[in-house]
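So this block is coords-v2.csv, CSV, C-alpha atoms:
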chain,number,residue,atom,x,y,z
A,1,MET,CA,29.6,-26.8,-9.0
A,2,LYS,CA,29.9,-27.4,-5.3
A,3,VAL,CA,29.2,-24.8,-2.5
A,4,ILE,CA,28.5,-24.8,1.2
A,5,CYS,CA,26.5,-22.1,3.0
A,6,GLY,CA,24.3,-21.4,6.0
A,7,LYS,CA,20.6,-21.7,6.0
A,8,GLU,CA,19.9,-18.2,7.3
A,9,GLU,CA,22.1,-16.7,4.6
A,10,LEU,CA,20.4,-18.6,1.9
A,11,ILE,CA,16.9,-17.8,3.1
A,12,LYS,CA,17.7,-14.1,3.3
A,13,GLY,CA,19.0,-14.1,-0.3
A,14,ILE,CA,16.0,-16.1,-1.6
A,15,GLN,CA,13.6,-13.7,0.1
A,16,ILE,CA,15.3,-10.7,-1.6
A,17,ILE,CA,15.0,-12.1,-5.1
A,18,SER,CA,11.8,-14.1,-4.6
A,19,PRO,CA,9.2,-11.7,-6.1
A,20,ALA,CA,10.8,-11.8,-9.6
A,21,PRO,CA,10.2,-15.5,-10.6
A,22,SER,CA,6.7,-16.2,-11.7
A,23,SER,CA,4.9,-19.5,-12.3
A,24,LYS,CA,2.6,-17.7,-14.8
A,25,ASN,CA,5.4,-17.2,-17.3
A,26,THR,CA,5.2,-19.1,-20.5
A,27,LEU,CA,9.0,-19.8,-20.3
A,28,PRO,CA,9.6,-22.6,-17.8
A,29,VAL,CA,13.1,-21.3,-17.0
A,30,LEU,CA,11.6,-18.1,-15.6
A,31,SER,CA,10.2,-20.1,-12.7
A,32,ASN,CA,13.8,-20.7,-11.8
A,33,PHE,CA,16.4,-18.5,-10.3
A,34,LEU,CA,20.1,-18.3,-11.3
A,35,PHE,CA,22.6,-19.7,-8.8
A,36,GLU,CA,26.2,-19.0,-9.7
A,37,THR,CA,29.6,-18.5,-8.1
A,38,LYS,CA,31.3,-15.1,-8.3
A,39,GLY,CA,34.8,-15.0,-6.8
A,40,ASN,CA,34.3,-16.0,-3.1
A,41,LYS,CA,30.6,-15.3,-3.1
A,42,ILE,CA,27.4,-16.8,-4.4
A,43,LYS,CA,25.2,-14.7,-6.6
A,44,LEU,CA,21.4,-15.3,-6.7
A,45,SER,CA,19.4,-13.7,-9.6
A,46,SER,CA,15.9,-13.8,-10.9
A,47,THR,CA,13.9,-12.1,-13.6
A,48,ASP,CA,10.5,-12.1,-15.3
A,49,LEU,CA,11.9,-10.2,-18.3
A,50,GLU,CA,10.6,-6.9,-16.9
A,51,VAL,CA,12.1,-6.8,-13.4
A,52,ALA,CA,15.4,-8.5,-12.4
A,53,ILE,CA,16.8,-8.7,-8.9
A,54,SER,CA,20.2,-10.0,-7.8
A,55,CYS,CA,22.1,-10.3,-4.5
A,56,TYR,CA,25.2,-11.9,-3.1
A,57,VAL,CA,25.3,-14.4,-0.2
A,58,LYS,CA,28.3,-15.7,1.7
A,59,GLY,CA,29.4,-19.2,1.2
A,60,GLU,CA,32.4,-21.6,0.7
A,61,ILE,CA,33.1,-22.1,-2.9
A,62,ILE,CA,34.6,-25.6,-3.4
A,63,LYS,CA,34.0,-25.8,-7.2
A,64,GLU,CA,32.8,-22.9,-9.4
A,65,GLY,CA,29.8,-23.1,-11.6
A,66,GLU,CA,26.2,-22.0,-12.3
A,67,ILE,CA,22.8,-23.5,-12.6
A,68,THR,CA,19.2,-22.3,-12.6
A,69,ILE,CA,17.1,-23.8,-9.8
A,70,PRO,CA,13.3,-24.1,-9.4
A,71,ALA,CA,12.6,-21.2,-7.1
A,72,LYS,CA,9.6,-22.2,-5.0
A,73,ARG,CA,10.7,-25.9,-4.6
A,74,PHE,CA,14.2,-24.9,-3.5
A,75,SER,CA,12.9,-22.2,-1.1
A,76,ASP,CA,10.5,-24.7,0.5
A,77,ILE,CA,13.2,-27.3,1.0
A,78,VAL,CA,15.7,-24.9,2.5
A,79,LYS,CA,13.2,-23.5,5.0
A,80,GLU,CA,12.5,-27.0,6.4
A,81,LEU,CA,16.2,-27.9,6.8
A,82,SER,CA,17.8,-27.7,10.3
A,83,SER,CA,19.6,-24.5,11.1
A,84,ASP,CA,22.2,-26.6,13.0
A,85,ASN,CA,23.7,-28.0,9.7
A,86,GLU,CA,25.3,-26.2,6.8
A,87,ILE,CA,23.8,-26.8,3.4
A,88,GLU,CA,25.8,-28.3,0.6
A,89,ILE,CA,24.6,-27.6,-3.0
A,90,ARG,CA,26.0,-29.5,-6.0
A,91,ALA,CA,25.2,-29.4,-9.6
A,92,ASP,CA,26.6,-31.5,-12.5
A,93,GLU,CA,26.7,-31.1,-16.3
A,94,ALA,CA,23.4,-32.9,-16.6
A,95,ASN,CA,21.8,-30.1,-14.5
A,96,HIS,CA,21.1,-32.5,-11.6
A,97,ILE,CA,21.1,-30.5,-8.3
A,98,ASP,CA,21.9,-32.1,-4.9
A,99,ILE,CA,20.9,-30.4,-1.7
A,100,ILE,CA,22.5,-32.0,1.4
A,101,SER,CA,22.2,-31.0,5.0
A,102,GLY,CA,22.9,-33.3,7.9
A,103,ARG,CA,21.1,-36.6,7.1
A,104,SER,CA,18.7,-34.9,4.6
A,105,LYS,CA,19.3,-35.1,0.9
A,106,PHE,CA,17.2,-33.8,-2.0
A,107,ASN,CA,17.7,-33.9,-5.7
A,108,LEU,CA,16.1,-31.4,-8.1
A,109,MET,CA,16.3,-31.0,-11.8
A,110,GLY,CA,17.7,-27.6,-12.9
A,111,ILE,CA,18.0,-25.8,-16.2
A,112,SER,CA,21.3,-24.7,-17.8
A,113,LYS,CA,22.3,-21.0,-17.4
A,114,THR,CA,22.5,-20.8,-21.2
A,115,GLU,CA,18.7,-21.0,-21.4
A,116,TYR,CA,18.3,-18.2,-18.8
A,117,PRO,CA,17.7,-14.6,-20.1
A,118,VAL,CA,20.8,-12.4,-19.9
A,119,ILE,CA,20.5,-9.9,-17.1
A,120,PRO,CA,22.1,-6.6,-18.2
A,121,GLU,CA,24.6,-4.6,-16.1
A,122,SER,CA,23.6,-1.4,-14.2
A,123,PRO,CA,24.0,1.9,-16.1
A,124,LYS,CA,27.0,3.3,-14.1
A,125,GLU,CA,27.7,6.2,-16.4
A,126,SER,CA,24.3,7.8,-15.8
A,127,SER,CA,23.7,7.1,-12.1
A,128,PHE,CA,23.3,9.3,-9.0
A,129,THR,CA,23.2,8.7,-5.3
A,130,VAL,CA,20.3,9.5,-3.0
A,131,LYS,CA,19.5,8.8,0.6
A,132,LYS,CA,17.6,5.6,1.0
A,133,GLU,CA,15.0,7.1,3.4
A,134,ILE,CA,14.3,10.0,1.1
A,135,PHE,CA,14.0,7.8,-2.0
A,136,ALA,CA,11.6,5.4,-0.2
A,137,SER,CA,9.5,8.3,1.0
A,138,MET,CA,9.2,9.8,-2.5
A,139,LEU,CA,8.1,6.5,-3.9
A,140,LYS,CA,5.5,6.0,-1.2
A,141,LYS,CA,4.1,9.5,-1.6
A,142,THR,CA,3.6,9.1,-5.4
A,143,ILE,CA,2.9,5.5,-6.2
A,144,PHE,CA,-0.7,5.5,-4.9
A,145,ALA,CA,-1.7,8.0,-7.7
A,146,ALA,CA,-0.4,5.9,-10.6
A,147,SER,CA,-3.0,4.4,-12.9
A,148,ARG,CA,-4.0,0.7,-12.7
A,149,ASP,CA,-5.8,0.8,-16.0
A,150,SER,CA,-3.8,-1.3,-18.5
A,151,GLN,CA,-5.3,0.7,-21.4
A,152,ARG,CA,-3.5,3.8,-20.1
A,153,TYR,CA,-0.1,2.2,-20.0
A,154,VAL,CA,1.9,5.4,-20.1
A,155,LEU,CA,0.3,6.3,-16.7
A,156,ASN,CA,1.1,2.8,-15.2
A,157,GLY,CA,4.1,4.0,-13.2
A,158,VAL,CA,6.0,6.9,-11.6
A,159,TYR,CA,7.6,9.5,-13.7
A,160,PHE,CA,11.2,10.3,-12.7
A,161,ILE,CA,12.9,13.5,-13.7
A,162,VAL,CA,16.5,14.1,-12.9
A,163,LYS,CA,17.9,17.6,-13.7
A,164,ASP,CA,19.9,20.3,-12.0
A,165,SER,CA,20.8,18.1,-9.0
A,166,GLN,CA,17.1,17.6,-8.3
A,167,LEU,CA,15.0,14.4,-8.4
A,168,LYS,CA,11.3,14.8,-9.1
A,169,MET,CA,8.6,12.1,-9.1
A,170,VAL,CA,5.1,12.4,-10.5
A,171,ALA,CA,2.3,9.9,-10.8
A,172,THR,CA,-1.3,10.3,-12.1
A,173,ASP,CA,-4.3,8.3,-13.2
A,174,GLY,CA,-6.0,11.2,-14.8
A,175,ARG,CA,-8.2,11.9,-11.8
A,176,ARG,CA,-5.6,12.7,-9.2
A,177,LEU,CA,-1.9,13.5,-9.3
A,178,ALA,CA,1.0,13.4,-6.8
A,179,TYR,CA,4.2,15.4,-7.2
A,180,ILE,CA,7.3,15.5,-5.1
A,181,LYS,CA,10.9,16.7,-5.5
A,182,THR,CA,14.2,16.7,-3.6
A,183,ILE,CA,17.5,18.4,-3.9
A,184,ASP,CA,19.3,15.8,-1.9
A,185,ILE,CA,20.9,13.8,-4.7
A,186,ILE,CA,24.7,13.7,-4.5
A,187,GLN,CA,25.9,13.8,-8.1
A,188,SER,CA,25.4,16.9,-10.3
A,189,GLY,CA,25.4,17.0,-14.0
A,190,ILE,CA,23.2,13.9,-14.4
A,191,GLU,CA,20.0,14.3,-16.4
A,192,GLY,CA,17.4,11.8,-17.3
A,193,LYS,CA,13.7,10.9,-17.5
A,194,ALA,CA,11.9,7.6,-17.0
A,195,ILE,CA,8.5,6.2,-16.4
A,196,VAL,CA,9.1,3.4,-13.9
A,197,PRO,CA,6.4,0.7,-13.8
A,198,THR,CA,4.3,0.2,-10.7
A,199,LYS,CA,5.6,-3.4,-10.3
A,200,ALA,CA,9.2,-2.2,-10.2
A,201,ILE,CA,8.2,0.6,-7.7
A,202,GLY,CA,6.6,-2.1,-5.5
A,203,ASN,CA,9.8,-4.2,-5.5
A,204,MET,CA,11.9,-1.1,-4.7
A,205,LEU,CA,9.7,-0.3,-1.7
A,206,ARG,CA,10.0,-3.9,-0.5
A,207,LEU,CA,13.8,-3.8,-0.7
A,208,LEU,CA,14.1,-0.4,0.9
A,209,SER,CA,12.0,-1.5,3.8
A,210,SER,CA,14.1,-4.6,4.5
A,211,ASP,CA,17.2,-4.7,6.8
A,212,LEU,CA,19.7,-3.6,4.2
A,213,LYS,CA,22.1,-1.3,6.1
A,214,SER,CA,23.4,1.3,3.7
A,215,GLU,CA,22.0,4.8,4.1
A,216,ASN,CA,22.5,5.6,0.4
A,217,ILE,CA,21.3,4.0,-2.8
A,218,GLN,CA,22.7,4.3,-6.3
A,219,VAL,CA,20.1,4.9,-9.1
A,220,GLY,CA,20.9,4.6,-12.8
A,221,ILE,CA,18.7,5.6,-15.7
A,222,THR,CA,19.1,4.9,-19.4
A,223,ASN,CA,16.7,5.1,-22.4
A,224,ASN,CA,15.0,1.8,-21.6
A,225,ARG,CA,16.1,0.7,-18.1
A,226,ILE,CA,16.5,1.8,-14.5
A,227,SER,CA,18.6,0.3,-11.8
A,228,VAL,CA,18.6,0.6,-8.0
A,229,GLU,CA,21.6,-0.6,-6.0
A,230,ILE,CA,21.9,-0.9,-2.3
A,231,ASP,CA,24.5,-2.9,-0.4
A,232,ASP,CA,24.9,-6.1,-2.5
A,233,VAL,CA,21.5,-6.0,-4.0
A,234,THR,CA,20.6,-4.7,-7.5
A,235,LEU,CA,17.2,-4.2,-9.0
A,236,LEU,CA,16.8,-3.6,-12.7
A,237,SER,CA,13.6,-2.8,-14.5
A,238,THR,CA,12.5,-2.0,-18.0
A,239,LEU,CA,10.7,1.3,-18.4
A,240,VAL,CA,7.2,2.2,-19.6
A,241,GLU,CA,7.5,3.4,-23.2
A,242,GLY,CA,5.8,6.6,-24.3
A,243,LEU,CA,5.6,10.2,-23.3
A,244,PHE,CA,4.3,11.2,-19.9
A,245,PRO,CA,1.6,13.9,-20.1
A,246,ASN,CA,2.4,17.5,-19.2
A,247,TYR,CA,1.7,17.3,-15.5
A,248,GLU,CA,2.5,21.0,-14.8
A,249,GLN,CA,-0.6,22.2,-16.7
A,250,VAL,CA,-2.8,20.1,-14.4
A,251,ILE,CA,-1.5,21.7,-11.2
A,252,PRO,CA,-3.8,24.7,-10.3
A,253,LYS,CA,-1.9,27.9,-10.4
A,254,LYS,CA,-4.0,30.4,-8.5
A,255,PRO,CA,-6.9,28.7,-6.6
A,256,LYS,CA,-9.3,31.2,-5.1
A,257,LEU,CA,-10.0,29.6,-1.8
A,258,LYS,CA,-7.5,28.4,0.8
A,259,VAL,CA,-7.9,26.8,4.2
A,260,LYS,CA,-5.7,25.0,6.7
A,261,LEU,CA,-6.9,21.6,7.8
A,262,ASP,CA,-5.9,19.3,10.7
A,263,VAL,CA,-4.7,16.2,8.9
A,264,LYS,CA,-5.6,13.7,11.7
A,265,ASN,CA,-9.1,15.1,12.3
A,266,THR,CA,-9.9,15.4,8.6
A,267,LEU,CA,-8.7,11.9,7.9
A,268,ALA,CA,-10.9,10.6,10.7
A,269,ALA,CA,-13.9,12.5,9.3
A,270,VAL,CA,-13.4,11.2,5.8
A,271,ARG,CA,-13.0,7.6,7.0
A,272,GLN,CA,-16.3,7.9,8.8
A,273,MET,CA,-18.2,9.2,5.8
A,274,ALA,CA,-16.5,6.7,3.5
A,275,LEU,CA,-18.2,3.9,5.5
A,276,LEU,CA,-21.4,4.8,3.7
A,277,VAL,CA,-20.2,5.3,0.2
A,278,ASP,CA,-17.0,3.3,-0.5
A,279,ASN,CA,-17.8,1.5,-3.7
A,280,PRO,CA,-15.0,0.4,-6.0
A,281,ILE,CA,-17.5,-0.3,-8.9
A,282,SER,CA,-19.5,2.9,-9.0
A,283,SER,CA,-18.2,6.3,-10.0
A,284,ASP,CA,-21.4,8.4,-9.7
A,285,VAL,CA,-22.1,11.1,-7.1
A,286,SER,CA,-23.6,8.5,-4.7
A,287,SER,CA,-20.1,7.3,-4.1
A,288,SER,CA,-18.7,10.7,-3.2
A,289,ILE,CA,-18.4,12.7,0.0
A,290,LYS,CA,-19.2,16.4,0.2
A,291,PHE,CA,-16.9,19.1,1.7
A,292,TYR,CA,-19.1,22.0,2.7
A,293,PHE,CA,-17.2,25.1,3.8
A,294,SER,CA,-18.9,27.9,5.8
A,295,PRO,CA,-17.4,30.5,8.2
A,296,ASN,CA,-15.2,28.7,10.6
A,297,LEU,CA,-16.8,25.3,9.9
A,298,LEU,CA,-16.2,22.4,7.5
A,299,ARG,CA,-19.0,19.9,7.3
A,300,ILE,CA,-18.2,16.6,5.6
A,301,SER,CA,-21.2,14.5,4.6
A,302,ALA,CA,-22.2,11.5,2.6
A,303,SER,CA,-25.4,9.9,1.4
A,304,ALA,CA,-26.1,6.6,-0.3
A,305,ALA,CA,-29.5,5.5,-1.7
A,306,GLY,CA,-30.8,2.5,0.2
A,307,ILE,CA,-28.0,2.7,2.8
A,308,GLY,CA,-28.2,5.9,4.7
A,309,SER,CA,-26.5,9.2,5.3
A,310,GLY,CA,-24.1,10.9,7.7
A,311,GLU,CA,-22.2,14.1,8.5
A,312,THR,CA,-19.5,15.4,10.8
A,313,GLU,CA,-18.2,18.8,11.5
A,314,LEU,CA,-14.7,20.3,12.0
A,315,GLU,CA,-13.8,23.7,13.3
A,316,ILE,CA,-11.6,25.6,10.9
A,317,GLU,CA,-10.3,29.1,10.2
A,318,TYR,CA,-12.3,30.0,7.1
A,319,LYS,CA,-13.6,33.5,6.3
A,320,ASN,CA,-14.6,33.2,2.6
A,321,GLU,CA,-18.0,32.6,1.0
A,322,VAL,CA,-19.9,29.3,1.5
A,323,ALA,CA,-18.6,26.7,-0.9
A,324,GLU,CA,-18.9,23.0,-1.5
A,325,ILE,CA,-17.0,20.3,-3.5
A,326,ASN,CA,-17.5,16.5,-3.9
A,327,PHE,CA,-14.7,13.9,-3.8
A,328,ASP,CA,-14.1,10.2,-4.1
A,329,PRO,CA,-13.2,9.4,-0.4
A,330,LYS,CA,-10.5,7.0,-1.4
A,331,PHE,CA,-8.6,9.7,-3.2
A,332,ILE,CA,-8.7,12.0,-0.2
A,333,LYS,CA,-7.8,9.3,2.3
A,334,GLU,CA,-4.7,8.3,0.3
A,335,VAL,CA,-3.5,11.9,0.2
A,336,LEU,CA,-4.0,12.5,3.9
A,337,GLN,CA,-2.3,9.2,4.7
A,338,ASN,CA,0.8,10.4,2.9
A,339,ILE,CA,1.1,13.8,4.6
A,340,ASP,CA,3.5,13.5,7.6
A,341,GLU,CA,2.7,16.9,9.1
A,342,ASP,CA,-0.1,18.0,11.5
A,343,PHE,CA,-1.7,20.4,9.0
A,344,LEU,CA,-2.3,20.6,5.3
A,345,ILE,CA,-3.2,23.5,3.0
A,346,PHE,CA,-6.3,22.8,1.0
A,347,GLU,CA,-6.9,25.1,-2.0
A,348,PHE,CA,-9.7,25.1,-4.6
A,349,THR,CA,-11.7,27.4,-6.8
A,350,ASP,CA,-15.1,25.8,-7.1
A,351,SER,CA,-16.9,22.4,-7.4
A,352,LEU,CA,-15.8,21.8,-11.0
A,353,ASN,CA,-12.0,22.5,-10.8
A,354,PRO,CA,-9.3,20.4,-9.2
A,355,ALA,CA,-8.3,20.9,-5.6
A,356,LEU,CA,-4.7,21.3,-4.5
A,357,MET,CA,-3.5,19.7,-1.2
A,358,SER,CA,0.0,20.0,0.3
A,359,PRO,CA,1.6,19.8,3.7
A,360,GLU,CA,1.8,23.1,5.5
A,361,LYS,CA,5.6,23.2,5.7
A,362,HIS,CA,6.8,20.8,3.0
A,363,LYS,CA,6.3,22.9,-0.1
A,364,ASP,CA,7.9,20.3,-2.4
A,365,TYR,CA,5.1,17.8,-2.1
A,366,LEU,CA,1.6,18.4,-3.5
A,367,CYS,CA,-1.4,16.4,-4.6
A,368,VAL,CA,-4.1,17.4,-7.1
A,369,VAL,CA,-7.6,15.7,-6.9
A,370,MET,CA,-10.4,16.2,-9.4
A,371,PRO,CA,-13.8,16.7,-7.8
A,372,MET,CA,-16.8,14.5,-8.6
A,373,ARG,CA,-19.9,15.9,-10.2
A,374,ALA,CA,-22.6,17.3,-7.9
Target format structure tokens, applied to this file:
Amino acid sequence: MKVICGKEELIKGIQIISPAPSSKNTLPVLSNFLFETKGNKIKLSSTDLEVAISCYVKGEIIKEGEITIPAKRFSDIVKELSSDNEIEIRADEANHIDIISGRSKFNLMGISKTEYPVIPESPKESSFTVKKEIFASMLKKTIFAASRDSQRYVLNGVYFIVKDSQLKMVATDGRRLAYIKTIDIIQSGIEGKAIVPTKAIGNMLRLLSSDLKSENIQVGITNNRISVEIDDVTLLSTLVEGLFPNYEQVIPKKPKLKVKLDVKNTLAAVRQMALLVDNPISSDVSSSIKFYFSPNLLRISASAAGIGSGETELEIEYKNEVAEINFDPKFIKEVLQNIDEDFLIFEFTDSLNPALMSPEKHKDYLCVVMPMRA
């Protein structure tokens, strides 16, 4: 194999596929990425057996071929080469790799493509198109609620439901839940369900926030895999096996109390009180903040033994009876940070039942948060 390409093109491709290779894998070949010629382009691919990412970069193909290359070593070398010179990459049948640029020359030992895991094709027959901006927003507004507990593996991801030209996403860790839907998918007649792992969601968000130019992405779902395609980049991921819990029964149907809150002011108040009680280890009431509702006033307070206490007040439109409810401040902060409007609707029944929070105008996004014991 012999190819020539520019430094910036190579670095861009390496950055796209770089999260997939892992030095922690027991298979040495998984610390490499696959470098192969495809027509008049160079294809770069990497996988850790769960997530696979591939992309194409421009280059001059002098002799076709393929090889797997040590990912970190190759990346470090390319970054240090001069941008003024093109980079020539050669590989022989003994898996020796030459990297030549100007007066610099490096030799690395690669591994044959035959030892690299086969990366499957995207499921074209069950795919749909959705706007990149909408898809990224839906991921961001749900992923924070997914469980990080490895013992609850079925909750370690975002649940996708595609039906009736709608895309829904749900995530929960058993103590809070985030739900969003959109009708902005292009194809109709496509149906599918998938629990997409948090690691894959993180890689999707990274790709969607990069400078890829397409406004739309192609998403494909099968029984055991999901794919996301944008421009010349494809991400494939295995799915979490198991049945996602019935999330609909968790969403409060008719909360008794309802109040409109200013998102910015409420977030500021919660952050202030969280300074006293934020504790990732403890889950008792000393780590909670209290919402105390009285006519036209919301008092948010916190108290931590041996540390101190604090409170702040917000003017609100509230005419119901006095009520109070305790929350983990982290859960409330994450909800408020994902509401893009000026106001949210806060609904609850009492201090024991879950509260429902949603943007004032965007009725297709809601979050449920369980209270902490008083």
Open item on the list: Using only C-alpha atoms for the distances, tell me which of A:Phe327, A:Phe106, A:Tyr247, A:Phe343 is nearest to A:Tyr159.
Closed with: A:Tyr247
- [ ] Pick out the residues sitting within 12 Å of A:Ser227, and hand them over as a ChimeraX atom specification; count all atoms listed in the file, and ignore anything fewer than 2 positions along from it in its own chain.
- [x] /A:50-54,119-129,194,196,200-201,203-204,217-225,229-230,233-239
TODO: Provide the atom CA of A:Thr142 to atom CA of A:Ile325 distance in Å, to one decimal place.
DONE: 23.5 Å
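You can rank A:Leu261, A:Ala305, A:Leu139, A:Ala71 by their closest distance to A:Pro359 using all atoms listed in the file, and at the top of that list sits A:Leu261.
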TODO: Would you mind reading off the distance between atom CA of A:Asp342 and atom CA of A:Thr172, one decimal, in Å?
DONE: 24.9 Å
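Counting only C-alpha atoms and comparing A:Leu344, A:Ile111, A:Cys5, A:Ile87, the residue that lies closest to A:Leu27 is A:Ile111.
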- [ ] Using only C-alpha atoms, determine which residues lie at most 8 Å from A:Val368, disregarding the query and same-chain residues fewer than 3 positions distant; provide the list as a VMD selection string.
- [x] chain A and resid 176 to 178 250 to 252 354 to 357
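Atom to atom, atom CA of A:Leu10 and atom CA of A:Val228 stand 21.7 Å apart.
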Task: Proximity to A:Gly242 - best of A:Ile195, A:Val369, A:Ile62, A:Ala94, all atoms listed in the file - done: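 The answer is A:Ile195, which sits nearest to A:Gly242.
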Just want the 6 Å neighbourhood of stretch 33-48 of chain A, counted on only C-alpha atoms, with same-chain residues fewer than 4 positions away dropped. Output as a tab-separated table (two decimals) with C-alpha atoms, in the coordinates of the input.
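For reference, out_6.tsv as written:
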chain	number	residue	atom	x	y	z
A	20	ALA	CA	10.80	-11.80	-9.60
A	21	PRO	CA	10.20	-15.50	-10.60
A	52	ALA	CA	15.40	-8.50	-12.40
A	53	ILE	CA	16.80	-8.70	-8.90
A	54	SER	CA	20.20	-10.00	-7.80
A	55	CYS	CA	22.10	-10.30	-4.50
A	56	TYR	CA	25.20	-11.90	-3.10
A	57	VAL	CA	25.30	-14.40	-0.20
A	58	LYS	CA	28.30	-15.70	1.70
A	59	GLY	CA	29.40	-19.20	1.20
A	64	GLU	CA	32.80	-22.90	-9.40
A	65	GLY	CA	29.80	-23.10	-11.60
A	66	GLU	CA	26.20	-22.00	-12.30
A	67	ILE	CA	22.80	-23.50	-12.60
A	68	THR	CA	19.20	-22.30	-12.60
A	69	ILE	CA	17.10	-23.80	-9.80
A	71	ALA	CA	12.60	-21.20	-7.10
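Take the candidates A:Lys141, A:Lys2, A:Asp231, A:Asp184 and check each one against A:Tyr365 using only C-alpha atoms; the shortest distance goes to A:Lys141.
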TODO: For A:Arg373, list every protein, DNA or RNA residue within 12 Å, evaluated using all atoms listed in the file, and leave out those in the same chain fewer than 2 positions away; present the list as a ChimeraX atom specification.
DONE: /A:283-290,324-328,350-354,370-371
Task: Shell around A:Val259 at 9 Å using only C-alpha atoms, local window under 5 positions removed, as a list in words - done: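 Surrounding residues, per the criterion: Ile316, Glu317, Tyr318, Leu344, Ile345, Phe346 and Glu347 of chain A.
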TODO: Have a look at A:Ser82, A:Gln337, A:Ser31, A:Ser137 and name the one nearest to A:Gly102; count all atoms listed in the file.
DONE: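 The shortest atom-to-atom distance to A:Gly102 comes from A:Ser82.
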